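Listing of data_26.cif, mmCIF, C-alpha atoms and all ligand atoms
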```
data_input
#
loop_
_atom_site.label_atom_id
_atom_site.label_comp_id
_atom_site.auth_asym_id
_atom_site.auth_seq_id
_atom_site.Cartn_x
_atom_site.Cartn_y
_atom_site.Cartn_z
CA MET M 274 -139.16 123.12 -47.38
CA LYS M 275 -142.43 122.96 -49.22
CA LEU M 276 -140.98 120.83 -51.97
CA TRP M 277 -139.64 118.40 -49.46
CA LEU M 278 -143.05 118.01 -47.91
CA ILE M 279 -144.71 117.40 -51.25
CA VAL M 280 -142.13 114.75 -52.02
CA ARG M 281 -142.95 113.12 -48.71
CA LEU M 282 -146.68 113.10 -49.43
CA THR M 283 -146.16 111.80 -52.96
CA ALA M 284 -144.11 108.91 -51.69
CA LEU M 285 -146.90 108.05 -49.33
CA THR M 286 -149.54 107.71 -52.03
CA LEU M 287 -147.59 104.70 -53.27
CA LEU M 288 -148.36 103.01 -49.98
CA LEU M 289 -152.09 103.63 -49.94
CA SER M 290 -153.01 100.55 -51.97
CA ALA M 291 -152.25 98.41 -48.96
CA VAL M 292 -152.65 100.84 -46.13
CA VAL M 293 -152.44 98.67 -43.07
CA THR M 294 -149.65 96.44 -44.29
CA ALA M 295 -147.60 99.34 -45.57
CA LEU M 296 -147.92 101.28 -42.36
CA ALA M 297 -146.83 98.30 -40.32
CA GLN M 298 -143.81 97.71 -42.52
CA ALA M 299 -142.80 101.34 -42.54
CA SER M 300 -142.61 101.49 -38.78
CA GLN M 301 -139.72 99.05 -38.52
CA TYR M 302 -135.98 99.64 -38.65
CA VAL M 303 -132.91 97.50 -38.00
CA CYS M 304 -129.71 99.23 -36.83
CA ALA M 305 -126.27 98.32 -38.13
CA ASP M 306 -125.56 96.57 -34.83
CA GLY M 307 -128.68 94.43 -35.19
CA THR M 308 -130.90 96.36 -32.78
CA THR M 309 -134.42 95.99 -34.16
CA PHE M 310 -137.12 98.65 -33.96
CA THR M 311 -140.49 96.95 -34.22
CA ASN M 312 -143.65 99.03 -34.06
CA ALA M 313 -141.55 102.17 -34.03
CA VAL M 314 -143.00 105.63 -34.00
CA THR M 315 -141.42 107.48 -36.92
CA LEU M 316 -140.75 111.19 -37.27
CA TYR M 317 -139.32 112.94 -40.33
CA GLY M 318 -137.65 116.34 -40.27
CA LYS M 319 -135.05 118.43 -42.05
CA LEU M 320 -132.05 119.41 -39.94
CA GLU M 321 -130.00 122.41 -41.10
CA PRO M 322 -126.22 122.39 -40.55
CA SER M 323 -125.86 122.74 -36.76
CA ALA M 324 -125.62 120.66 -33.60
CA TYR M 325 -128.61 118.87 -32.10
CA THR M 326 -129.41 116.81 -29.06
CA VAL M 327 -132.20 114.28 -29.55
CA THR M 328 -133.60 112.56 -26.47
CA ALA M 329 -136.25 109.86 -26.13
CA LEU M 330 -137.74 109.63 -22.64
CA GLY M 331 -140.16 107.04 -21.31
CA LEU M 332 -143.17 107.62 -19.07
CA ASN M 333 -144.53 105.22 -16.48
CA GLY M 334 -141.53 102.92 -16.74
CA PHE M 335 -141.47 102.75 -20.54
CA ASP M 336 -137.90 102.07 -21.76
CA PRO M 337 -137.33 103.82 -25.10
CA LYS M 338 -134.64 103.33 -27.70
CA LEU M 339 -133.81 105.75 -30.48
CA ALA M 340 -132.35 105.63 -33.97
CA VAL M 341 -131.62 108.55 -36.29
CA VAL M 342 -131.08 107.79 -39.97
CA ASP M 343 -130.47 109.83 -43.13
CA GLU M 344 -133.60 109.44 -45.25
CA ASP M 345 -131.72 110.00 -48.52
CA THR M 346 -128.48 108.07 -48.01
CA GLY M 347 -129.52 105.58 -45.33
CA GLU M 348 -126.57 106.59 -43.19
CA GLU M 349 -127.19 105.78 -39.54
CA TYR M 350 -126.32 108.71 -37.27
CA ALA M 351 -127.33 107.10 -34.01
CA CYS M 352 -128.76 103.91 -32.55
CA VAL M 353 -129.00 104.14 -28.77
CA ASP M 354 -130.93 102.57 -25.92
CA ASP M 355 -129.85 103.67 -22.43
CA SER M 356 -127.72 106.84 -22.37
CA GLN M 357 -125.82 107.93 -19.29
CA SER M 358 -125.85 111.49 -20.68
CA ALA M 359 -129.64 111.63 -20.38
CA ALA M 360 -130.07 109.87 -17.03
CA ALA M 361 -130.73 113.16 -15.21
CA TYR M 362 -132.76 114.78 -17.97
CA ALA M 363 -135.56 116.87 -16.46
CA VAL M 364 -138.93 117.58 -18.06
CA THR M 365 -142.12 119.22 -16.80
CA LEU M 366 -144.92 119.63 -19.34
CA PRO M 367 -148.73 119.75 -19.06
CA THR M 368 -149.28 116.31 -20.61
CA THR M 369 -146.33 114.52 -18.98
CA GLY M 370 -146.21 116.19 -15.58
CA THR M 371 -142.80 116.26 -13.91
CA MET M 372 -140.96 113.27 -15.32
CA THR M 373 -138.76 111.12 -13.13
CA PRO M 374 -135.11 111.17 -14.30
CA SER M 375 -134.29 107.75 -15.71
CA PRO M 376 -131.20 105.83 -16.84
CA LEU M 377 -133.46 104.22 -19.45
CA ASN M 378 -133.60 107.44 -21.53
CA ALA M 379 -131.95 107.33 -24.95
CA GLN M 380 -129.98 110.27 -26.30
CA ALA M 381 -128.11 111.11 -29.50
CA VAL M 382 -125.90 114.15 -30.14
CA LEU M 383 -125.80 115.04 -33.82
CA SER M 384 -123.69 117.55 -35.74
CA PHE M 385 -124.08 118.45 -39.41
CA LYS M 386 -121.42 120.75 -40.80
CA ASN M 387 -122.04 121.30 -44.49
CA GLU M 388 -125.54 120.67 -45.69
CA ALA M 389 -129.01 120.00 -44.40
CA VAL M 390 -130.06 116.43 -43.69
CA ASN M 391 -133.49 114.84 -44.09
CA ALA M 392 -133.54 112.90 -40.86
CA VAL M 393 -135.74 109.97 -39.86
CA PHE M 394 -136.21 109.39 -36.12
CA TYR M 395 -137.31 105.96 -34.90
CA ILE M 396 -138.54 105.50 -31.34
CA ALA M 397 -139.55 102.12 -29.97
CA GLY M 398 -139.73 100.29 -26.68
CA PHE M 399 -137.11 97.90 -25.38
CA ALA M 400 -138.21 94.32 -26.15
CA ASP M 401 -140.98 95.76 -28.39
CA ALA M 402 -142.94 96.98 -25.39
CA TYR M 403 -145.71 99.52 -25.89
CA GLY M 404 -146.02 102.69 -23.86
CA ASP M 405 -145.78 106.45 -23.58
CA SER M 406 -142.74 108.44 -24.60
CA LEU M 407 -141.52 111.96 -25.23
CA LEU M 408 -139.13 112.75 -28.06
CA VAL M 409 -137.21 116.02 -27.61
CA ILE M 410 -135.12 117.76 -30.28
CA GLU M 411 -132.87 120.57 -29.02
CA GLY M 412 -130.81 122.90 -31.21
CA LEU M 413 -133.49 123.94 -33.68
CA SER M 414 -133.96 127.54 -34.81
CA ILE M 415 -136.18 129.70 -36.98
CA SER M 416 -134.55 132.53 -38.92
CA GLY M 417 -136.40 135.44 -40.49
CA SER M 418 -140.04 136.35 -40.19
CA GLU M 419 -142.89 133.88 -40.29
CA GLN M 420 -143.39 134.71 -43.96
CA ASN M 421 -140.09 132.99 -44.63
CA GLY M 422 -141.53 129.68 -43.57
CA GLY M 423 -140.41 127.47 -40.75
CA ASP M 424 -139.49 123.88 -39.95
CA ILE M 425 -141.71 120.96 -40.86
CA PHE M 426 -141.74 117.73 -38.90
CA SER M 427 -143.96 114.88 -40.05
CA LEU M 428 -145.14 112.25 -37.62
CA TYR M 429 -146.14 108.96 -39.21
CA VAL M 430 -149.38 107.78 -37.63
CA THR M 431 -149.30 104.00 -37.45
CA PRO M 432 -152.17 101.63 -36.57
CA PHE M 433 -150.74 100.75 -33.19
CA MET M 434 -150.84 104.40 -32.16
CA THR M 435 -154.59 104.67 -32.77
CA PRO M 436 -155.84 102.61 -29.85
CA SER M 437 -153.44 104.25 -27.44
CA ALA M 438 -155.14 106.22 -24.71
CA THR M 439 -152.47 108.89 -25.06
CA THR M 440 -153.28 111.70 -27.45
CA ILE M 441 -150.47 113.09 -29.60
CA THR M 442 -149.21 116.37 -28.17
CA THR M 443 -146.54 118.49 -29.82
CA TYR M 444 -144.65 121.32 -28.13
CA MET M 445 -142.65 124.29 -29.39
CA ILE M 446 -140.65 125.83 -26.55
CA GLY M 447 -138.60 128.99 -27.08
CA ALA M 448 -134.94 128.51 -26.17
CA ASP M 449 -133.85 132.16 -26.28
CA ASP M 450 -135.38 135.51 -25.35
CA ARG M 451 -136.22 136.52 -28.91
CA ILE M 452 -138.51 133.85 -30.25
CA ASP M 453 -142.31 133.85 -30.09
CA PRO M 454 -143.19 130.31 -31.21
CA VAL M 455 -146.21 129.45 -33.36
CA LEU M 456 -147.16 125.85 -34.14
CA ASP M 457 -149.52 124.62 -36.90
CA VAL M 458 -150.77 121.28 -38.26
CA VAL M 459 -150.75 121.71 -42.05
CA ASP M 460 -151.46 119.91 -45.33
CA ALA M 461 -149.14 119.55 -48.33
CA GLU M 462 -149.82 123.15 -49.37
CA LEU M 463 -148.95 124.36 -45.89
CA VAL M 464 -152.60 125.21 -45.27
CA VAL M 465 -153.59 124.88 -41.64
CA PHE M 466 -156.19 122.14 -41.06
CA ASP M 467 -159.61 123.03 -39.75
CA PHE M 468 -162.12 120.22 -39.21
CA GLY M 469 -164.82 122.54 -37.97
CA ASP M 470 -163.86 122.75 -34.32
CA GLY M 471 -161.12 125.34 -34.80
CA ALA M 472 -157.97 125.72 -36.88
CA LEU M 473 -155.11 123.44 -35.81
CA THR M 474 -152.83 126.26 -34.79
CA CYS M 475 -151.39 127.56 -31.54
CA ASP M 476 -149.62 130.80 -30.85
CA ASP M 477 -149.58 131.12 -27.08
CA SER M 478 -151.04 128.10 -25.30
CA GLY M 479 -153.72 128.80 -22.75
CA ARG M 480 -154.98 131.80 -24.71
CA ALA M 481 -157.42 132.39 -27.56
CA GLY M 482 -155.73 131.54 -30.84
CA CYS M 483 -154.57 128.16 -29.57
CA TYR M 484 -156.45 125.05 -30.72
CA GLY M 485 -158.41 123.00 -28.23
CA SER M 486 -158.01 123.02 -24.50
CA THR M 487 -154.55 124.15 -23.39
CA VAL M 488 -152.87 125.85 -20.46
CA SER M 489 -150.01 128.35 -20.35
CA LEU M 490 -146.54 126.81 -20.58
CA LEU M 491 -145.21 129.28 -18.01
CA GLY M 492 -143.66 127.05 -15.37
CA SER M 493 -142.98 124.19 -17.75
CA SER M 494 -139.45 123.23 -18.75
CA ILE M 495 -137.37 120.86 -20.85
CA ASN M 496 -133.84 120.15 -19.69
CA ALA M 497 -132.23 123.54 -18.99
CA VAL M 498 -134.86 125.52 -20.93
CA SER M 499 -137.66 127.17 -18.98
CA SER M 500 -140.84 127.80 -20.87
CA ASP M 501 -142.95 130.97 -20.85
CA ASP M 502 -146.47 131.93 -21.83
CA PHE M 503 -145.49 132.73 -25.43
CA ASP M 504 -144.73 129.07 -26.08
CA ALA M 505 -147.10 126.75 -27.89
CA TYR M 506 -148.46 123.23 -27.94
CA ILE M 507 -151.22 121.31 -29.72
CA ASP M 508 -152.94 118.34 -28.11
CA LEU M 509 -154.82 116.49 -30.85
CA PRO M 510 -157.97 114.48 -30.10
CA TRP M 511 -157.84 111.03 -31.66
CA ALA M 512 -160.64 111.86 -34.03
CA VAL M 513 -158.64 114.69 -35.54
CA VAL M 514 -155.57 112.50 -35.88
CA GLY M 515 -157.72 109.89 -37.61
CA LEU M 516 -159.26 112.34 -40.03
CA GLU M 517 -155.90 113.73 -41.02
CA ALA M 518 -154.15 110.41 -41.16
CA ASP M 519 -156.84 108.95 -43.40
CA GLU M 520 -155.79 111.38 -46.06
CA ASP M 521 -152.04 110.93 -46.03
CA GLY M 522 -150.90 109.00 -42.99
CA TYR M 523 -148.83 111.85 -41.59
CA LEU M 524 -149.34 114.63 -39.15
CA ASN M 525 -147.37 117.53 -40.60
CA TYR M 526 -146.33 120.12 -38.03
CA LEU M 527 -145.09 123.55 -39.07
CA PHE M 528 -142.87 125.18 -36.45
CA ARG M 529 -142.67 128.92 -37.08
CA ALA M 530 -142.41 132.19 -35.21
CA PHE M 531 -143.66 135.73 -35.08
CA GLY M 532 -141.05 138.41 -35.57
CA SER M 533 -137.38 137.66 -35.90
CA GLY M 534 -137.40 134.00 -34.92
CA GLY M 535 -134.79 132.37 -32.71
CA ALA M 536 -133.85 129.10 -31.06
CA TYR M 537 -136.39 126.53 -29.91
CA THR M 538 -136.91 123.01 -28.62
CA ALA M 539 -139.44 120.66 -30.24
CA ALA M 540 -141.05 117.88 -28.25
CA PHE M 541 -143.50 115.15 -29.23
CA HIS M 542 -145.52 113.22 -26.63
CA PHE M 543 -147.20 110.07 -27.93
CA GLY M 544 -148.13 106.57 -26.91
CA THR M 545 -148.43 103.17 -28.50
CA ALA M 546 -150.62 100.20 -27.66
CA GLU M 547 -151.52 96.78 -28.99
CA PRO M 548 -152.74 97.19 -32.59
CA VAL M 549 -156.36 96.90 -33.55
CA ALA M 550 -156.74 93.44 -35.04
CA VAL M 551 -156.35 93.05 -38.75
CA ILE M 552 -157.18 89.50 -39.69
CA ASP M 553 -155.66 88.35 -42.94
CA GLN M 554 -157.58 85.39 -44.27
CA PRO M 555 -160.27 84.65 -46.90
CA SER M 556 -163.75 85.70 -45.84
CA SER M 557 -165.10 82.21 -46.59
CA SER M 558 -162.94 80.73 -43.84
CA VAL M 559 -163.70 83.35 -41.19
CA ASP M 560 -165.86 82.11 -38.32
CA ALA M 561 -167.88 85.24 -37.67
CA GLN M 562 -170.75 85.93 -35.31
CA ALA M 563 -173.81 87.46 -37.02
CA ILE M 564 -175.13 90.66 -35.43
CA GLN M 565 -177.82 93.22 -36.26
CA TRP M 566 -177.43 96.87 -37.20
CA THR M 567 -178.75 97.89 -33.79
CA THR M 568 -176.34 95.63 -31.86
CA THR M 569 -174.02 97.40 -29.41
CA ALA M 570 -170.87 96.18 -27.70
CA ARG M 571 -172.26 97.17 -24.33
CA ALA M 572 -175.34 95.00 -24.70
CA ALA M 573 -173.87 91.99 -26.50
CA PHE M 574 -170.12 91.76 -26.00
CA PRO M 575 -168.69 91.86 -22.50
CA GLY M 576 -164.91 91.63 -22.35
CA GLU M 577 -161.76 93.32 -21.17
CA PRO M 578 -159.88 95.88 -23.29
CA GLY M 579 -157.94 94.03 -25.97
CA THR M 580 -160.64 91.39 -26.53
CA VAL M 581 -161.33 90.93 -30.25
CA PHE M 582 -164.63 89.80 -31.75
CA VAL M 583 -165.07 88.80 -35.41
CA LEU M 584 -168.54 89.91 -36.47
CA SER M 585 -170.77 89.93 -39.54
CA CYS M 586 -173.34 92.64 -40.39
CA PRO M 587 -176.26 91.73 -42.72
CA PRO M 588 -176.77 93.62 -46.01
CA ASN M 589 -179.22 96.50 -46.51
CA GLY M 590 -178.60 98.02 -43.11
CA ALA M 591 -179.90 101.25 -41.60
CA ALA M 592 -177.99 103.66 -39.38
CA SER M 593 -178.29 103.60 -35.60
CA SER M 594 -176.69 105.98 -33.10
CA VAL M 595 -172.89 106.20 -32.87
CA TRP M 596 -170.67 108.35 -30.66
CA GLY M 597 -167.02 108.99 -31.54
CA THR M 598 -164.60 108.72 -34.45
CA ASN M 599 -162.23 105.77 -34.92
CA VAL M 600 -162.77 104.98 -31.26
CA TYR M 601 -166.47 104.69 -30.38
CA THR M 602 -168.45 104.47 -27.13
CA ASP M 603 -169.46 100.89 -26.40
CA ASP M 604 -173.17 101.77 -26.59
CA SER M 605 -172.76 102.71 -30.26
CA SER M 606 -174.09 100.56 -33.08
CA ILE M 607 -171.16 98.37 -34.11
CA CYS M 608 -172.24 97.96 -37.74
CA THR M 609 -172.95 101.69 -38.17
CA ALA M 610 -169.58 102.55 -36.63
CA ALA M 611 -167.97 100.15 -39.11
CA VAL M 612 -169.58 102.05 -42.00
CA HIS M 613 -168.32 105.32 -40.53
CA ALA M 614 -164.83 103.85 -40.24
CA GLY M 615 -164.92 102.75 -43.88
CA VAL M 616 -164.81 99.04 -43.05
CA ILE M 617 -168.20 97.96 -44.48
CA THR M 618 -171.18 99.53 -46.33
CA PHE M 619 -174.91 99.74 -45.55
CA GLU M 620 -175.71 98.05 -48.84
CA LEU M 621 -173.45 95.02 -48.57
CA GLY M 622 -172.80 94.72 -44.85
CA GLY M 623 -169.87 92.40 -44.24
CA LEU M 624 -167.21 91.20 -41.85
CA LEU M 625 -165.30 93.24 -39.31
CA ALA M 626 -162.98 92.79 -36.35
CA MET M 627 -164.05 94.70 -33.24
CA THR M 628 -161.51 95.31 -30.49
CA ILE M 629 -162.73 96.33 -27.03
CA LEU M 630 -160.80 99.35 -25.73
CA ALA M 631 -160.58 101.22 -22.46
CA GLY M 632 -162.69 104.27 -21.65
CA GLN M 633 -161.73 107.59 -23.21
CA SER M 634 -162.11 111.12 -21.93
CA GLU M 635 -163.52 112.41 -25.20
CA TYR M 636 -165.34 111.01 -28.24
CA PRO M 637 -165.50 113.66 -30.97
CA GLY M 638 -168.16 113.27 -33.64
CA SER M 639 -167.64 113.55 -37.38
CA ALA M 640 -169.32 112.96 -40.74
CA ARG M 641 -167.80 110.22 -42.86
CA SER M 642 -168.96 107.59 -45.35
CA GLY M 643 -172.54 108.80 -45.07
CA VAL M 644 -172.66 108.44 -41.29
CA THR M 645 -172.66 111.39 -38.90
CA THR M 646 -171.54 110.41 -35.43
CA SER M 647 -172.17 112.38 -32.25
CA GLN M 648 -169.75 113.86 -29.76
CA TRP M 649 -169.61 112.55 -26.20
CA GLY M 650 -167.47 113.26 -23.14
CA SER M 651 -165.98 110.73 -20.78
CA TRP M 652 -167.32 107.15 -21.20
CA ASN M 653 -165.96 104.10 -19.47
CA ARG M 654 -165.58 101.62 -22.34
CA SER M 655 -165.05 101.83 -26.08
CA PHE M 656 -164.21 99.88 -29.20
CA ALA M 657 -162.51 100.20 -32.57
CA VAL M 658 -163.25 98.32 -35.77
CA ALA M 659 -160.90 96.99 -38.43
CA PRO M 660 -161.40 95.30 -41.77
CA ILE M 661 -160.97 91.62 -42.48
CA SER M 662 -159.39 90.88 -45.82
CA GLY M 663 -162.03 89.80 -48.30
CA GLY M 664 -164.74 90.68 -45.84
CA GLY M 665 -166.40 93.89 -46.98
CA ALA M 666 -166.91 95.99 -50.06
CA THR M 667 -164.63 98.78 -48.93
CA GLY M 668 -162.78 97.04 -46.15
CA THR M 669 -160.40 95.08 -48.30
CA THR M 670 -156.84 96.28 -47.99
CA LYS M 671 -155.27 93.89 -50.47
CA CA C 1 -133.72 102.86 -23.19
CA CA C 2 -146.36 132.28 -29.30
#
```

Any chance you could give the structure as structure tokens?
Ligand SMILES: [Ca+2]
Ligand SMILES: [Ca+2]
Amino acid sequence: MKLWLIVRLTALTLLLSAVVTALAQASQYVCADGTTFTNAVTLYGKLEPSAYTVTALGLNGFDPKLAVVDEDTGEEYACVDDSQSAAAYAVTLPTTGTMTPSPLNAQAVLSFKNEAVNAVFYIAGFADAYGDSLLVIEGLSISGSEQNGGDIFSLYVTPFMTPSATTITTYMIGADDRIDPVLDVVDAELVVFDFGDGALTCDDSGRAGCYGSTVSLLGSSINAVSSDDFDAYIDLPWAVVGLEADEDGYLNYLFRAFGSGGAYTAAFHFGTAEPVAVIDQPSSSVDAQAIQWTTTARAAFPGEPGTVFVLSCPPNGAASSVWGTNVYTDDSSICTAAVHAGVITFELGGLLAMTILAGQSEYPGSARSGVTTSQWGSWNRSFAVAPISGGGATGTTK
């Protein structure tokens, strides 16, 4: 298990020389029948010999499709869009509410008889649409005590997930009377992350010992499985996702249990949205608008969410106030936020692409690239920044 994870992380370092491009390429898959997954959300996990049911459900009308592929051999186990078998699938979870049964759900039944499989799960929208979905894997189990490890699933965080208003929430629901689930977000050494606002672990949601703000899962359910208040979930703020993903691009979840283990269901709730602009052209040909280090989006750049501005910060800048991480309040200094995001430097300034985004419910602060940003609660408009090739000292991705 641990070895497999290290292999995964090692493979990723090969991609880091061209982060944005590599991420975009890695999120695509074409099925044997020609079905194309563009801007797919990708999940990796090891499946022991057993039977599994994998279901991708859409929220708010999102129409998901699902492919499951063998990471080692490339064998395609499933490529499905609308599955009659999942049309009546019922889910009630804190972050999804009670989901409306839908014939648009995609479902694959898998069976591995002899040896474990390193599976890759691709989830994308019909006609490349963006939206919210829930991926459910039934048939999983933990054997032995927690000291004997657990199951690792790695979610690949792609650029088009970052601007989504939906946080990434992962559930571990006990499927028998024995198991007491425990869920962690870990690094390559299986050490639980802690960015200073609490370890990324959850034993029983709604109680102390569970990261962030959660409620009990008693009353929740997935398909035929009713949840109880020993079950766990972790709802990650975007800032935490960004901090972790900057290091390796993956969110690595460790599903484990206290005591003797047992059967469980894993579920991942995530959303996708239009990517933050990455403009690929020489800096000399970019028509950028010059701004100052104190300039804010609120004061200088009206526009609807999705509007992109190409801007230029002068050299020898000084920090001004910024709230948030990756996604910033619109009254933050644009240039300072770009330094924090690693797009430009104070010394050299440089070019950046700013995308206006919708309001967020939370803007966590963090210290990065010599800039410490502040935390803020709900704010009605925000922005993200992205590099322009050739534009800044540290923003170049080529
Ligand atoms: Ca579908
Ligand atoms: Ca528990």

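Considering all atoms listed in the file, the residue among M:Ala640, M:Ala573, M:Ala392, M:Ala505 positioned nearest to Ala481 (chain M) is M:Ala505.
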
**OP:** Within 7 Å of Cys608 (chain M), counting all atoms listed in the file, which residues show up once you throw out same-chain ones fewer than 2 positions away? Write them as a ChimeraX atom specification, please.
**Re:** /M:566,586,606,610-612

**OP:** Could I get the residue neighbourhood of ligand CA 2 (chain C) at 8 Å, counting only C-alpha atoms and all ligand atoms, as a PyMOL selection string?
**Re:** chain M and resi 453-455+475-478+502-505+530-531

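For ligand CA 1 (chain C), the set of protein, DNA and RNA residues within 10 Å, based on all atoms listed in the file, reads Ala329, Leu330, Gly331, Phe335, Asp336, Pro337, Lys338, Leu339, Val353, Asp354, Asp355, Ser356, Ser375, Pro376, Leu377, Asn378, Ala379, Gln380, Ile396, Ala397, Gly398 and Phe399 of chain M.
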
Env of Val342 (chain M): 9 Å cut, atoms = all atoms listed in the file, seq-sep filter 2 positions within chain, self excluded. Answer as a short mmCIF file (atom, residue, chain, number, x, y, z; two decimals) with C-alpha atoms, in the frame of the given file.
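Output contents, as saved in out12.cif:
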```cif
data_model
loop_
_atom_site.label_atom_id
_atom_site.label_comp_id
_atom_site.auth_asym_id
_atom_site.auth_seq_id
_atom_site.Cartn_x
_atom_site.Cartn_y
_atom_site.Cartn_z
CA ALA M 340 -132.35 105.63 -33.97
CA GLU M 344 -133.60 109.44 -45.25
CA ASP M 345 -131.72 110.00 -48.52
CA THR M 346 -128.48 108.07 -48.01
CA GLY M 347 -129.52 105.58 -45.33
CA GLU M 348 -126.57 106.59 -43.19
CA GLU M 349 -127.19 105.78 -39.54
CA TYR M 350 -126.32 108.71 -37.27
CA ALA M 351 -127.33 107.10 -34.01
CA CYS M 352 -128.76 103.91 -32.55
CA ASN M 391 -133.49 114.84 -44.09
CA ALA M 392 -133.54 112.90 -40.86
CA VAL M 393 -135.74 109.97 -39.86
CA PHE M 394 -136.21 109.39 -36.12
CA TYR M 395 -137.31 105.96 -34.90
#
```

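The coordinates place CA of Glu577 (chain M) at 24.3 Å from CA of Ile441 (chain M).
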
Subject >> Gly534 (chain M) environment, 10 Å, all atoms listed in the file, sequence neighbours closer than 5 positions dropped, as a PyMOL selection string >> reply: chain M and resi 414-419+423+447+449-454+529

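Closest approach to Gln565 (chain M) among M:Thr609, M:Tyr523, M:Ile617, M:Thr371: M:Thr609, based on all atoms listed in the file.
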
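If all atoms listed in the file are the atoms counted, then among M:Leu490, M:Ala631, M:Ala592, M:Val581 the closest residue to Gly643 (chain M) is M:Ala592.
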
**OP:** Skip Tyr302 (chain M) itself and residues of its chain fewer than 3 positions away, then list as a ChimeraX atom specification all residues within 7 Å of it, counting only C-alpha atoms.
**Re:** /M:309-311

Subject >> Radius query 6 Å about (-134.7, 118.4, -26.9), atoms used: only C-alpha atoms, as a VMD selection string >> reply: chain M and resid 326 to 328 409 to 411 538

Original post:
Between M:Tyr484, M:Tyr403, M:Tyr506, M:Phe656, which one has atoms that come closest to Tyr601 (chain M), using all atoms listed in the file?
Top reply: M:Phe656

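Taking CA of Pro588 (chain M) as the reference point, CA of Ser639 (chain M) is found at 23.6 Å.
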
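Candidate residues M:Trp596, M:Ser533, M:Val658, M:Asp603 were compared for distance to Phe582 (chain M), and the nearest is M:Val658, using only C-alpha atoms.
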
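Note that CA of Ala402 (chain M) and CA of Ala313 (chain M) are 10.2 Å apart.
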